[in-house]
Amino acid sequence: MTANILYHFAARIPRFYCSKKHLYALQSGRSIVTHISSTTSLLRSDSTDNEVYLLGTAHVSEASTKEVIDLIHLVRPQTVFVELDSTRAAQLRNSGSSSDSAKNNESTSPSFDLSKITSHPLFSQFGNKTGLPNNFTQILEHAPTLLKKIGWFPQQGGEMKAALEEADRIGARCIYGDIEFTQTMNEMKMAIGSIIANPTALSNLQYPSGDVMSIFGGLLSGQSDPQQFVEMIKTRERSQQITRYLQHSFPSVYNVMITKRDVHMARMLRQHCSDGKVVAIVGLAHVEGIEREWEELGKQQRIAS
């Protein structure tokens with residue numbers, strides 16, 4: 001059954017990793033994490049028979065919304081897990097259609113003014129010392145916009161609305177797996193504030209790789225259609241390139257926006273989604289961390305038993 005679901009899903013999404021032979025081999029194996037595509041993984045457990053189909057999305061991607069609907073339709077899960085807290089889920093349920101939610105996403109999502117960091121004298125000092133490109137200030141100030149698109153920031157995107165609607169349609173229960181929005185935002189402001197108060201933290205800045213520069217450059221140049229651009233970078237490899245650079249440059253911000261939420265969501269999946277089939281919808285930037293924490297929790301469980 002698992003292989004049949006994945007094989008049919010393969011026909012609906014690009015960059016599918018597994019061959020038909022590989023998919024049917026999954027029926028006899030119990031690998032903990034299996035990469036299905038550039039946006040999708042299958043998480044399994046040694047101790048239970050449940051299966052978690054983890055789908056990474058871009059919050060402004062219409063294609064992500066379709067992938068959510070297709071995957072839930074194919075898997076017919078008992079549980080749908082979403083990267084929302086209860087407050088944001090209630091707001092989303094009371095909003096318009098999933099397409100309206102996608103269009104309104106930019107106006108309702110949090111924004112952060114990083115100009116207090118980029119205008120600090122030490123920013124230029126460290127930038128010159130490290131050999132940062134001349135347009136790095138512009139890149140950094142536009143970073144929150146791009147990070148929202150690939151799933152760093154808690155959002156109320158069309159794909160989350162679609163997940164809630166599809167769960168209701170098939171009678172699946174919903175698990176709101178994210179940390180409370182207000183807690184994350186307060187910690188985020190504190191992290192940015194700590195950088196402003198102690199700007200020597202900017203010494204972590206490194207020259208961006210060519211891949212990272214091309215990602216930001218394509219967005220800032222205005223030459224790429226924003227929607228097409230988001231689809232182009234909507235792979236785990238591209239997401240990792242961006243997040244790993246920012247993890248090194250701004251570790252305190254990364255810890256709040258990614259690490260803490262990855263750990264929380266993986267534990268929520270383990271604790272509240274241990275029966276039957278589960279479809280979990282999260283921003284693409286969280287997929288790698290959730291996979292890693294899922295495996296770590298499995299190791300701890302095996303040692304304890």
# chains A, B, ... in the order shown; residues from 1 in each chain; ligands from 1
>>> residues_around(residues="stretch 269-273 of chain A", least_positions_apart="3", cutoff="8 Å", atoms="only C-alpha atoms", output="list in words")
Asn50, Thr79, Phe81, Ile175, Gly177, Met265, Ala266, Gly276, Val278 and Trp294 of chain A
>>> residues_around(residues="A:Leu42", least_positions_apart="5", cutoff="8 Å", atoms="only C-alpha atoms", output="PyMOL selection string")
chain A and resi 32-36+51-54
>>> write_last_selection(atoms="C-alpha atoms", output="PDB file, in the first residue's frame")
ATOM      1  CA  ILE A  32      13.430   5.439   9.364  1.00  0.00           C
ATOM      2  CA  VAL A  33      13.670   8.288   6.831  1.00  0.00           C
ATOM      3  CA  THR A  34      13.185   7.812   3.084  1.00  0.00           C
ATOM      4  CA  HIS A  35      13.562  10.770   0.717  1.00  0.00           C
ATOM      5  CA  ILE A  36      10.745  10.490  -1.796  1.00  0.00           C
ATOM      6  CA  GLU A  51       3.837   6.282   8.508  1.00  0.00           C
ATOM      7  CA  VAL A  52       4.408  10.036   8.348  1.00  0.00           C
ATOM      8  CA  TYR A  53       4.439  11.618   4.885  1.00  0.00           C
ATOM      9  CA  LEU A  54       6.373  14.838   5.473  1.00  0.00           C
TER      10      LEU A  54
END
>>> closest_residue(among="A:Glu288, A:Asp85, A:Asp211, A:Glu166", to="A:Met268", atoms="only C-alpha atoms")
A:Asp85
>>> closest_residue(among="A:His248, A:Arg76, A:Arg44, A:Lys234", to="A:Arg173", atoms="only C-alpha atoms")
A:Arg76
>>> closest_residue(among="A:Gln241, A:Glu296, A:Ser45, A:Met160", to="A:Lys66", atoms="only C-alpha atoms")
A:Met160
>>> residues_around(residues="A:Val263", least_positions_apart="2", cutoff="8 Å", atoms="only C-alpha atoms", output="PDB file with C-alpha atoms, in the first residue's frame")
ATOM      1  CA  THR A 259      16.127  24.662  15.377  1.00  0.00           C
ATOM      2  CA  LYS A 260      13.692  25.098  18.275  1.00  0.00           C
ATOM      3  CA  ARG A 261      10.672  24.691  16.020  1.00  0.00           C
ATOM      4  CA  MET A 265       7.454  19.663  15.672  1.00  0.00           C
ATOM      5  CA  ALA A 266       9.371  16.359  15.546  1.00  0.00           C
ATOM      6  CA  ARG A 267       8.426  15.653  19.146  1.00  0.00           C
ATOM      7  CA  GLY A 289      15.724  19.378  10.874  1.00  0.00           C
ATOM      8  CA  ILE A 290      12.531  17.400  11.508  1.00  0.00           C
ATOM      9  CA  GLU A 293      15.282  15.030  15.140  1.00  0.00           C
TER      10      GLU A 293
END
>>> closest_residue(among="A:Leu43, A:Leu84, A:Met190, A:Val212", to="A:Asp178", atoms="only C-alpha atoms")
A:Leu84
>>> residues_around(residues="A:Leu55", least_positions_apart="3", cutoff="6 Å", atoms="only C-alpha atoms", output="list in words")
Thr39, Thr40 and Ile281 of chain A
>>> residues_around(residues="A:Arg169", least_positions_apart="3", cutoff="12 Å", atoms="only C-alpha atoms", output="list in words")
Ile69, Ile72, His73, Arg76, Pro77, Gln78, Val80, Ala162, Ala163, Leu164, Glu165, Glu166, Ala172, Arg173 and Cys174 of chain A
